[in-house]
$ cat entry.tsv   # TSV, C-alpha atoms
chain	number	residue	atom	x	y	z
Q	1	MET	CA	17.00	-17.86	3.07
Q	2	ALA	CA	13.89	-20.00	2.67
Q	3	THR	CA	14.79	-21.81	5.90
Q	4	SER	CA	15.16	-18.58	7.86
Q	5	GLN	CA	11.80	-17.34	6.59
Q	6	ALA	CA	10.19	-20.62	7.64
Q	7	ASP	CA	11.76	-20.31	11.08
Q	8	SER	CA	10.53	-16.74	11.52
Q	9	ALA	CA	7.06	-17.77	10.35
Q	10	ALA	CA	6.99	-20.52	12.97
Q	11	ALA	CA	8.32	-18.17	15.67
Q	12	ALA	CA	5.84	-15.30	15.52
Q	13	PRO	CA	3.04	-14.00	13.29
Q	14	ILE	CA	3.48	-10.63	11.63
Q	15	LEU	CA	-0.20	-9.85	12.30
Q	16	ASP	CA	-2.30	-11.09	15.20
Q	17	VAL	CA	-5.83	-9.69	15.47
Q	18	ARG	CA	-7.94	-10.63	18.48
Q	19	GLY	CA	-11.61	-9.83	19.04
Q	20	LEU	CA	-11.69	-6.90	16.60
Q	21	GLN	CA	-14.92	-4.91	16.87
Q	22	THR	CA	-15.80	-2.03	14.56
Q	23	HIS	CA	-19.12	-0.26	15.04
Q	24	PHE	CA	-20.86	2.52	13.14
Q	25	PHE	CA	-22.91	4.81	15.35
Q	26	THR	CA	-25.86	5.98	13.24
Q	27	ARG	CA	-29.14	7.74	13.94
Q	28	ASN	CA	-30.97	4.44	13.60
Q	29	GLY	CA	-28.70	2.54	15.95
Q	30	VAL	CA	-25.32	0.83	16.19
Q	31	VAL	CA	-24.16	-1.15	13.16
Q	32	LYS	CA	-21.79	-3.93	14.24
Q	33	ALA	CA	-19.87	-4.12	10.95
Q	34	VAL	CA	-17.06	-6.19	12.48
Q	35	ASP	CA	-18.01	-8.21	15.54
Q	36	GLY	CA	-15.20	-10.11	17.23
Q	37	VAL	CA	-12.90	-11.00	14.33
Q	38	ASP	CA	-9.72	-12.99	14.93
Q	39	LEU	CA	-6.99	-13.14	12.26
Q	40	THR	CA	-3.44	-14.47	12.34
Q	41	LEU	CA	-0.96	-14.03	9.52
Q	42	LYS	CA	2.65	-15.23	9.28
Q	43	PRO	CA	5.41	-13.67	7.14
Q	44	GLY	CA	5.05	-14.74	3.52
Q	45	GLU	CA	1.56	-16.14	4.07
Q	46	ILE	CA	-1.48	-15.28	1.92
Q	47	LEU	CA	-4.89	-15.18	3.60
Q	48	GLY	CA	-8.09	-15.02	1.55
Q	49	LEU	CA	-10.89	-13.11	3.29
Q	50	VAL	CA	-14.08	-14.20	1.54
Q	51	GLY	CA	-17.77	-13.29	1.80
Q	52	GLU	CA	-20.72	-11.57	0.18
Q	53	SER	CA	-20.97	-7.79	-0.16
Q	54	GLY	CA	-21.79	-6.30	3.23
Q	55	SER	CA	-20.18	-9.08	5.24
Q	56	GLY	CA	-17.57	-6.73	6.74
Q	57	LYS	CA	-14.48	-7.72	4.72
Q	58	SER	CA	-13.45	-4.24	3.57
Q	59	ILE	CA	-14.25	-2.64	6.94
Q	60	THR	CA	-11.96	-5.21	8.55
Q	61	GLY	CA	-9.16	-4.11	6.21
Q	62	PHE	CA	-9.78	-0.41	6.87
Q	63	SER	CA	-9.87	-1.05	10.62
Q	64	LEU	CA	-6.45	-2.70	10.62
Q	65	ILE	CA	-4.67	0.45	9.39
Q	66	GLY	CA	-6.87	3.15	10.89
Q	67	LEU	CA	-8.62	4.33	7.74
Q	68	LEU	CA	-12.15	4.44	9.13
Q	69	ASP	CA	-14.24	7.57	8.69
Q	70	PRO	CA	-16.84	8.69	11.26
Q	71	PRO	CA	-19.28	7.44	12.40
Q	72	GLY	CA	-17.19	4.24	12.25
Q	73	ARG	CA	-14.91	3.43	15.16
Q	74	VAL	CA	-12.90	0.46	16.41
Q	75	VAL	CA	-14.42	-0.19	19.84
Q	76	GLY	CA	-12.71	-3.39	20.92
Q	77	GLY	CA	-10.00	-5.95	20.34
Q	78	GLU	CA	-6.30	-5.92	19.57
Q	79	ILE	CA	-4.43	-5.30	16.30
Q	80	ASN	CA	-0.91	-6.54	16.93
Q	81	PHE	CA	1.42	-5.85	14.00
Q	82	ASP	CA	5.01	-6.98	14.47
Q	83	GLY	CA	4.52	-6.93	18.24
Q	84	HIS	CA	2.91	-3.47	18.43
Q	85	ASP	CA	-0.79	-2.84	19.03
Q	86	LEU	CA	-1.88	-0.46	16.26
Q	87	ARG	CA	-5.04	0.41	18.19
Q	88	HIS	CA	-2.92	2.55	20.50
Q	89	ALA	CA	-0.73	4.10	17.78
Q	90	THR	CA	-0.87	7.85	17.19
Q	91	GLN	CA	-1.86	9.24	13.78
Q	92	ASP	CA	1.79	10.12	13.10
Q	93	GLN	CA	2.84	6.56	13.90
Q	94	LEU	CA	0.10	5.14	11.66
Q	95	ARG	CA	1.15	7.43	8.79
Q	96	ASP	CA	4.70	6.17	9.19
Q	97	VAL	CA	3.54	2.53	9.05
Q	98	ARG	CA	1.12	2.98	6.14
Q	99	GLY	CA	2.84	2.73	2.78
Q	100	ARG	CA	6.12	1.52	4.27
Q	101	ASP	CA	5.27	-1.52	6.42
Q	102	ILE	CA	1.58	-1.95	5.52
Q	103	ALA	CA	0.13	-1.08	2.12
Q	104	MET	CA	-3.48	-1.21	0.99
Q	105	ILE	CA	-4.77	-1.72	-2.54
Q	106	PHE	CA	-8.27	-0.27	-2.86
Q	107	GLN	CA	-11.04	-1.60	-5.06
Q	108	ASP	CA	-11.44	1.88	-6.59
Q	109	PRO	CA	-8.04	3.06	-7.90
Q	110	MET	CA	-9.10	6.71	-7.67
Q	111	MET	CA	-8.95	6.30	-3.87
Q	112	THR	CA	-5.19	5.93	-4.40
Q	113	LEU	CA	-4.48	8.24	-7.34
Q	114	ASN	CA	-4.57	12.05	-7.30
Q	115	PRO	CA	-6.25	13.15	-10.55
Q	116	VAL	CA	-4.24	16.40	-10.83
Q	117	LEU	CA	-0.74	14.93	-10.41
Q	118	ARG	CA	1.28	12.95	-12.93
Q	119	VAL	CA	1.87	9.30	-12.12
Q	120	ASP	CA	5.64	9.77	-11.69
Q	121	THR	CA	5.11	12.55	-9.15
Q	122	GLN	CA	2.80	10.35	-7.08
Q	123	MET	CA	5.03	7.29	-7.21
Q	124	ILE	CA	8.27	9.17	-6.48
Q	125	GLU	CA	6.67	10.95	-3.52
Q	126	ALA	CA	5.40	7.60	-2.19
Q	127	ILE	CA	8.96	6.25	-2.22
Q	128	GLN	CA	10.73	9.33	-0.85
Q	129	ALA	CA	8.20	9.65	1.98
Q	130	HIS	CA	9.65	6.49	3.52
Q	131	ARG	CA	13.12	6.04	2.02
Q	132	LYS	CA	16.09	8.40	1.64
Q	133	VAL	CA	16.81	7.92	-2.05
Q	134	SER	CA	17.45	10.30	-4.93
Q	135	ARG	CA	14.70	11.25	-7.35
Q	136	ASP	CA	16.41	9.26	-10.11
Q	137	GLU	CA	16.57	6.13	-7.94
Q	138	ALA	CA	12.92	6.55	-7.01
Q	139	ARG	CA	11.96	6.98	-10.65
Q	140	ASN	CA	13.85	3.82	-11.62
Q	141	ARG	CA	12.03	1.88	-8.90
Q	142	ALA	CA	8.68	3.26	-10.12
Q	143	ARG	CA	9.48	2.22	-13.69
Q	144	ASP	CA	10.46	-1.29	-12.59
Q	145	VAL	CA	7.25	-1.78	-10.61
Q	146	LEU	CA	5.07	-0.52	-13.49
Q	147	THR	CA	6.74	-3.13	-15.69
Q	148	MET	CA	6.10	-5.77	-13.04
Q	149	VAL	CA	2.32	-5.14	-13.13
Q	150	GLY	CA	2.19	-5.37	-16.92
Q	151	ILE	CA	2.22	-1.75	-18.06
Q	152	ALA	CA	3.95	-1.30	-21.41
Q	153	SER	CA	6.10	1.78	-22.18
Q	154	PRO	CA	6.55	2.61	-18.48
Q	155	ASP	CA	8.64	5.75	-19.12
Q	156	GLU	CA	5.84	7.25	-21.19
Q	157	ARG	CA	3.18	6.16	-18.70
Q	158	LEU	CA	5.06	7.75	-15.81
Q	159	ARG	CA	4.57	11.13	-17.50
Q	160	SER	CA	0.81	10.58	-17.86
Q	161	TYR	CA	-2.09	11.72	-15.67
Q	162	PRO	CA	-4.61	9.23	-14.20
Q	163	HIS	CA	-7.39	10.37	-16.56
Q	164	GLN	CA	-5.25	9.23	-19.50
Q	165	PHE	CA	-5.48	5.61	-18.33
Q	166	SER	CA	-8.31	3.13	-18.68
Q	167	GLY	CA	-9.94	1.81	-15.51
Q	168	GLY	CA	-7.90	-1.38	-15.62
Q	169	MET	CA	-4.67	0.54	-16.21
Q	170	ARG	CA	-5.41	2.82	-13.25
Q	171	GLN	CA	-5.90	-0.23	-11.07
Q	172	ARG	CA	-2.53	-1.61	-12.16
Q	173	VAL	CA	-0.90	1.71	-11.22
Q	174	ALA	CA	-2.60	1.56	-7.81
Q	175	ILE	CA	-1.26	-1.97	-7.30
Q	176	ALA	CA	2.21	-0.79	-8.35
Q	177	ILE	CA	2.13	2.02	-5.76
Q	178	ALA	CA	1.32	-0.52	-3.04
Q	179	LEU	CA	4.35	-2.60	-4.07
Q	180	LEU	CA	6.81	0.33	-4.26
Q	181	ASN	CA	8.31	0.06	-0.78
Q	182	SER	CA	8.15	-3.75	-0.50
Q	183	PRO	CA	5.82	-3.61	2.52
Q	184	ARG	CA	5.70	-6.40	5.11
Q	185	LEU	CA	1.90	-6.64	4.84
Q	186	ILE	CA	-0.40	-5.85	1.93
Q	187	ILE	CA	-4.17	-5.60	2.33
Q	188	ALA	CA	-5.77	-6.01	-1.10
Q	189	ASP	CA	-9.47	-5.10	-1.36
Q	190	GLU	CA	-10.70	-6.88	-4.53
Q	191	PRO	CA	-7.90	-5.28	-6.57
Q	192	THR	CA	-8.30	-7.33	-9.77
Q	193	THR	CA	-12.07	-6.89	-10.23
Q	194	ALA	CA	-11.63	-4.40	-13.09
Q	195	LEU	CA	-8.84	-6.32	-14.83
Q	196	ASP	CA	-9.10	-8.78	-17.70
Q	197	VAL	CA	-8.26	-12.42	-17.03
Q	198	THR	CA	-4.77	-12.28	-18.59
Q	199	ILE	CA	-3.63	-9.30	-16.52
Q	200	GLN	CA	-5.35	-10.72	-13.44
Q	201	GLY	CA	-3.30	-13.89	-13.80
Q	202	GLN	CA	-0.12	-11.84	-14.20
Q	203	ILE	CA	-0.87	-9.80	-11.06
Q	204	LEU	CA	-1.65	-12.93	-9.03
Q	205	TYR	CA	1.61	-14.53	-10.17
Q	206	GLU	CA	3.66	-11.45	-9.23
Q	207	VAL	CA	1.94	-11.19	-5.84
Q	208	GLN	CA	2.63	-14.84	-5.02
Q	209	LYS	CA	6.23	-14.42	-6.14
Q	210	LEU	CA	6.63	-11.29	-3.97
Q	211	CYS	CA	5.27	-13.07	-0.88
Q	212	LYS	CA	7.46	-16.11	-1.42
Q	213	GLU	CA	10.69	-14.21	-2.10
Q	214	THR	CA	10.43	-11.33	0.38
Q	215	GLY	CA	8.25	-12.72	3.17
Q	216	THR	CA	5.54	-10.12	2.57
Q	217	ALA	CA	2.22	-11.21	4.08
Q	218	LEU	CA	-1.00	-10.62	2.13
Q	219	ILE	CA	-4.68	-10.37	2.99
Q	220	TRP	CA	-6.67	-10.79	-0.24
Q	221	ILE	CA	-10.26	-9.56	0.22
Q	222	THR	CA	-12.64	-10.98	-2.36
Q	223	HIS	CA	-15.95	-12.68	-3.07
Q	224	ASP	CA	-14.31	-14.86	-5.74
Q	225	LEU	CA	-13.49	-18.28	-4.31
Q	226	ALA	CA	-12.02	-19.34	-7.66
Q	227	VAL	CA	-9.25	-16.73	-7.31
Q	228	VAL	CA	-8.66	-17.60	-3.65
Q	229	SER	CA	-8.37	-21.33	-4.35
Q	230	GLY	CA	-5.29	-20.77	-6.52
Q	231	LEU	CA	-3.78	-17.90	-4.54
Q	232	ALA	CA	-4.23	-18.20	-0.78
Q	233	ASP	CA	-2.57	-20.47	1.78
Q	234	ARG	CA	-5.50	-20.07	4.17
Q	235	VAL	CA	-9.09	-18.87	3.85
Q	236	SER	CA	-11.35	-17.08	6.33
Q	237	VAL	CA	-15.04	-16.96	5.38
Q	238	MET	CA	-16.90	-13.92	6.74
Q	239	TYR	CA	-20.62	-13.41	7.27
Q	240	ALA	CA	-22.45	-10.55	9.02
Q	241	GLY	CA	-19.28	-9.20	10.64
Q	242	ARG	CA	-17.94	-12.53	11.89
Q	243	ILE	CA	-15.53	-15.22	10.71
Q	244	VAL	CA	-17.71	-18.31	10.35
Q	245	GLU	CA	-15.04	-20.68	9.00
Q	246	THR	CA	-11.28	-20.57	8.70
Q	247	GLY	CA	-8.59	-23.05	7.75
Q	248	SER	CA	-6.18	-24.04	5.03
Q	249	THR	CA	-7.40	-23.37	1.50
Q	250	ALA	CA	-7.39	-27.09	0.71
Q	251	ASP	CA	-9.55	-27.88	3.76
Q	252	VAL	CA	-12.04	-25.02	3.41
Q	253	ILE	CA	-12.50	-25.45	-0.35
Q	254	GLY	CA	-12.25	-29.24	-0.39
Q	255	HIS	CA	-14.06	-30.01	2.87
Q	256	PRO	CA	-16.29	-27.03	3.77
Q	257	GLN	CA	-18.02	-27.45	7.13
Q	258	HIS	CA	-20.20	-24.33	7.44
Q	259	PRO	CA	-23.42	-24.20	5.36
Q	260	TYR	CA	-22.57	-20.67	4.21
Q	261	THR	CA	-19.23	-21.87	2.83
Q	262	HIS	CA	-21.09	-24.70	1.11
Q	263	GLY	CA	-23.44	-22.15	-0.46
Q	264	LEU	CA	-20.61	-19.98	-1.76
Q	265	ILE	CA	-18.85	-22.96	-3.34
Q	266	ASP	CA	-22.05	-24.37	-4.88
Q	267	SER	CA	-22.75	-21.02	-6.57
Q	268	ILE	CA	-19.52	-21.21	-8.63
Q	269	PRO	CA	-20.08	-22.29	-12.26
Q	270	ARG	CA	-18.48	-25.64	-13.12
Q	271	PRO	CA	-18.20	-27.56	-16.40
Q	272	GLU	CA	-20.70	-30.19	-15.22
Q	273	THR	CA	-23.33	-27.49	-14.42
Q	274	ARG	CA	-23.18	-25.87	-17.87
Q	275	GLY	CA	-26.67	-24.96	-19.05
Q	276	ALA	CA	-28.25	-25.54	-15.64
Q	277	PRO	CA	-29.35	-22.75	-13.25
Q	278	LEU	CA	-26.69	-21.91	-10.70
Q	279	ALA	CA	-27.34	-22.83	-7.10
Q	280	GLN	CA	-27.93	-19.82	-4.89
Q	281	ILE	CA	-28.15	-19.07	-1.20
Q	282	PRO	CA	-31.78	-18.19	-0.44
Q	283	GLY	CA	-32.69	-14.82	1.04
Q	284	MET	CA	-30.42	-11.84	1.64
Q	285	THR	CA	-27.74	-10.82	4.09
Q	286	PRO	CA	-29.57	-9.52	7.20
Q	287	SER	CA	-29.36	-5.88	8.21
Q	288	LEU	CA	-26.51	-5.38	10.65
Q	289	LEU	CA	-28.86	-3.06	12.56
Q	290	ASN	CA	-31.29	-5.91	13.18
Q	291	LEU	CA	-29.48	-9.24	13.26
Q	292	PRO	CA	-31.45	-12.35	14.25
Q	293	GLU	CA	-30.74	-13.90	17.64
Q	294	GLY	CA	-28.02	-16.51	17.75
Q	295	CYS	CA	-26.48	-17.51	14.42
Q	296	ALA	CA	-26.86	-14.66	11.90
Q	297	PHE	CA	-27.10	-17.17	9.03
Q	298	ARG	CA	-29.95	-19.25	10.49
Q	299	THR	CA	-32.72	-17.49	8.54
Q	300	ARG	CA	-31.08	-18.65	5.28
Q	301	CYS	CA	-29.67	-21.96	6.47
Q	302	PRO	CA	-31.04	-25.39	5.40
Q	303	ARG	CA	-29.63	-26.96	8.59
Q	304	ALA	CA	-31.17	-24.47	11.05
Q	305	THR	CA	-32.87	-25.85	14.17
Q	306	GLU	CA	-34.02	-24.43	17.50
Q	307	VAL	CA	-30.48	-24.53	18.91
Q	308	CYS	CA	-29.41	-21.99	16.26
Q	309	THR	CA	-31.20	-19.26	18.25
Q	310	LYS	CA	-28.19	-19.46	20.58
Q	311	ASP	CA	-24.87	-17.91	19.61
Q	312	PRO	CA	-22.47	-20.61	18.29
Q	313	GLN	CA	-18.82	-20.54	19.33
Q	314	PRO	CA	-15.85	-21.50	17.09
Q	315	VAL	CA	-15.10	-25.23	17.16
Q	316	GLU	CA	-12.05	-26.97	15.70
Q	317	ILE	CA	-13.63	-29.57	13.39
Q	318	ARG	CA	-10.38	-30.63	11.72
Q	319	PRO	CA	-6.78	-29.71	12.61
Q	320	ALA	CA	-6.49	-25.88	12.20
Q	321	GLN	CA	-10.00	-25.68	10.64
Q	322	TRP	CA	-12.37	-23.71	12.86
Q	323	VAL	CA	-16.11	-23.37	12.28
Q	324	ARG	CA	-18.74	-21.24	14.03
Q	325	CYS	CA	-21.83	-23.45	13.61
Q	326	TRP	CA	-24.01	-25.75	15.73
Q	327	HIS	CA	-24.37	-28.19	12.81
Q	328	ALA	CA	-20.87	-28.02	11.30
Q	329	GLY	CA	-20.16	-30.79	8.84
Q	330	GLU	CA	-23.71	-32.11	8.80
Q	331	PRO	CA	-25.27	-32.76	5.37
Q	332	ASP	CA	-27.97	-30.33	4.22
Q	333	PRO	CA	-31.43	-31.90	4.40
Q	334	LYS	CA	-32.81	-32.67	0.95

$ encode --input "entry.tsv" --output "structure tokens"
Amino acid sequence: MATSQADSAAAAPILDVRGLQTHFFTRNGVVKAVDGVDLTLKPGEILGLVGESGSGKSITGFSLIGLLDPPGRVVGGEINFDGHDLRHATQDQLRDVRGRDIAMIFQDPMMTLNPVLRVDTQMIEAIQAHRKVSRDEARNRARDVLTMVGIASPDERLRSYPHQFSGGMRQRVAIAIALLNSPRLIIADEPTTALDVTIQGQILYEVQKLCKETGTALIWITHDLAVVSGLADRVSVMYAGRIVETGSTADVIGHPQHPYTHGLIDSIPRPETRGAPLAQIPGMTPSLLNLPEGCAFRTRCPRATEVCTKDPQPVEIRPAQWVRCWHAGEPDPK
């Protein structure tokens, strides 16, 4: 089975995104929240999508499954899922795909849970919407998945309402709902932020196990490089709506080439920096309404020179490690 999954992974990606552009048309102008993003994901692979708040990570996830609200709109690119371009899918087709083939775990669990319905009602409906099974079978599946995400007394919890759960418990229920139908792709938008470290570790273990055993692909959206380093197979670093560096986790974490990636890694607390001020990236993320010419990071970058006023193109610095920077791999001036 492992061999067949490896063969399928080598044959074709489950998700192939090319030149994705998502713009928000506001009174003050056009916000280019996602500006030419490329992503490729194979069955069973875990991709970490990393960046500061406002970099476009969540909007990328929403764009992939058609969950954008006006004034946001996908204006360019291709979203090929299992050989079909989701950009041209009807709303009925997208509804059929969402929850069955592609599931999303939101950062706020109340975007998933209906406050006036019991948990069992919501989970059973989520199963029966895509699979022809009895109510008892659906309930058994719901109970098993609640156990998987670390919820004790699952039978009792199934009869509860969302307001009877703590924030962390609600998030675990939301994660369980995403896992119900064993989707082929899961998009997780910082799903463990509200969870304690023990439960976070349990969720990460179960997610890795799911991907390995079933071939489910996963996009893990986060700002936490520490989580990504132990979870993801590959990492894509996002800044101001663009992927600025992508490659294997070992290469990106161990040999970062873009100065922004360097800054993110340097800001992580380490045992040897205990008691010392944490390094930080100077300045703030620029407004997407008024981006600087050329490289969007140049106003905060220690390597910036005159050439950075021109738009850099992705360059393969190491095998399968791509960087969008004029000075990739250069040391920062002291």

$ atom_distance --input "entry.tsv" --atom1 "atom CA of Gly83 of chain Q" --atom2 "atom CA of Ile219 of chain Q"
18.1 Å

$ atom_distance --input "entry.tsv" --atom1 "atom CA of Val50 of chain Q" --atom2 "atom CA of Ile221 of chain Q"
6.2 Å

$ closest_residue --input "entry.tsv" --among "Q:Val197, Q:Val244, Q:Leu179, Q:Ile127" --to "Thr214 of chain Q" --atoms "only C-alpha atoms"
Q:Leu179

$ closest_residue --input "entry.tsv" --among "Q:Glu245, Q:Asp144, Q:Glu137, Q:Glu293" --to "Glu306 of chain Q" --atoms "only C-alpha atoms"
Q:Glu293

$ residues_around --input "entry.tsv" --residues "segment 51-64 of chain Q" --least-positions-apart "6" --cutoff "6 Å" --atoms "all atoms listed in the file" --output "list in words"
Ala33, Val34, His223, Val237, Met238, Tyr239, Ala240 and Gly241 of chain Q

$ closest_residue --input "entry.tsv" --among "Q:Gln321, Q:Gln200, Q:Thr222, Q:Gln280" --to "Asp251 of chain Q" --atoms "all atoms listed in the file"
Q:Gln321

$ closest_residue --input "entry.tsv" --among "Q:Tyr205, Q:Ala217, Q:Leu158, Q:Val145" --to "Phe81 of chain Q" --atoms "all atoms listed in the file"
Q:Ala217

$ closest_residue --input "entry.tsv" --among "Q:Arg300, Q:Lys32, Q:Arg318, Q:Lys310" --to "Ala250 of chain Q" --atoms "all atoms listed in the file"
Q:Arg318

$ decode --input "entry.tsv" --residues "segment 20-45 of chain Q" --atoms "C-alpha atoms" --output "PDB file, in the first residue's frame"
ATOM      1  CA  LEU Q  20      -3.468  32.403  -8.012  1.00  0.00           C
ATOM      2  CA  GLN Q  21      -4.601  36.019  -7.657  1.00  0.00           C
ATOM      3  CA  THR Q  22      -7.213  37.146  -5.138  1.00  0.00           C
ATOM      4  CA  HIS Q  23      -8.113  40.828  -4.985  1.00  0.00           C
ATOM      5  CA  PHE Q  24     -10.402  42.831  -2.720  1.00  0.00           C
ATOM      6  CA  PHE Q  25     -12.095  45.728  -4.468  1.00  0.00           C
ATOM      7  CA  THR Q  26     -12.539  48.454  -1.844  1.00  0.00           C
ATOM      8  CA  ARG Q  27     -13.439  52.137  -1.911  1.00  0.00           C
ATOM      9  CA  ASN Q  28      -9.794  53.022  -1.369  1.00  0.00           C
ATOM     10  CA  GLY Q  29      -8.476  50.807  -4.133  1.00  0.00           C
ATOM     11  CA  VAL Q  30      -7.640  47.215  -5.004  1.00  0.00           C
ATOM     12  CA  VAL Q  31      -6.043  45.088  -2.286  1.00  0.00           C
ATOM     13  CA  LYS Q  32      -3.915  42.344  -3.845  1.00  0.00           C
ATOM     14  CA  ALA Q  33      -4.235  39.895  -0.946  1.00  0.00           C
ATOM     15  CA  VAL Q  34      -2.890  36.980  -3.003  1.00  0.00           C
ATOM     16  CA  ASP Q  35      -0.667  37.937  -5.915  1.00  0.00           C
ATOM     17  CA  GLY Q  36       0.512  35.086  -8.125  1.00  0.00           C
ATOM     18  CA  VAL Q  37       0.778  32.172  -5.690  1.00  0.00           C
ATOM     19  CA  ASP Q  38       1.943  28.752  -6.894  1.00  0.00           C
ATOM     20  CA  LEU Q  39       1.389  25.650  -4.743  1.00  0.00           C
ATOM     21  CA  THR Q  40       1.811  21.951  -5.477  1.00  0.00           C
ATOM     22  CA  LEU Q  41       0.746  19.190  -3.118  1.00  0.00           C
ATOM     23  CA  LYS Q  42       1.025  15.421  -3.544  1.00  0.00           C
ATOM     24  CA  PRO Q  43      -1.187  12.783  -1.876  1.00  0.00           C
ATOM     25  CA  GLY Q  44      -0.105  12.232   1.722  1.00  0.00           C
ATOM     26  CA  GLU Q  45       2.108  15.327   1.747  1.00  0.00           C
TER      27      GLU Q  45
END
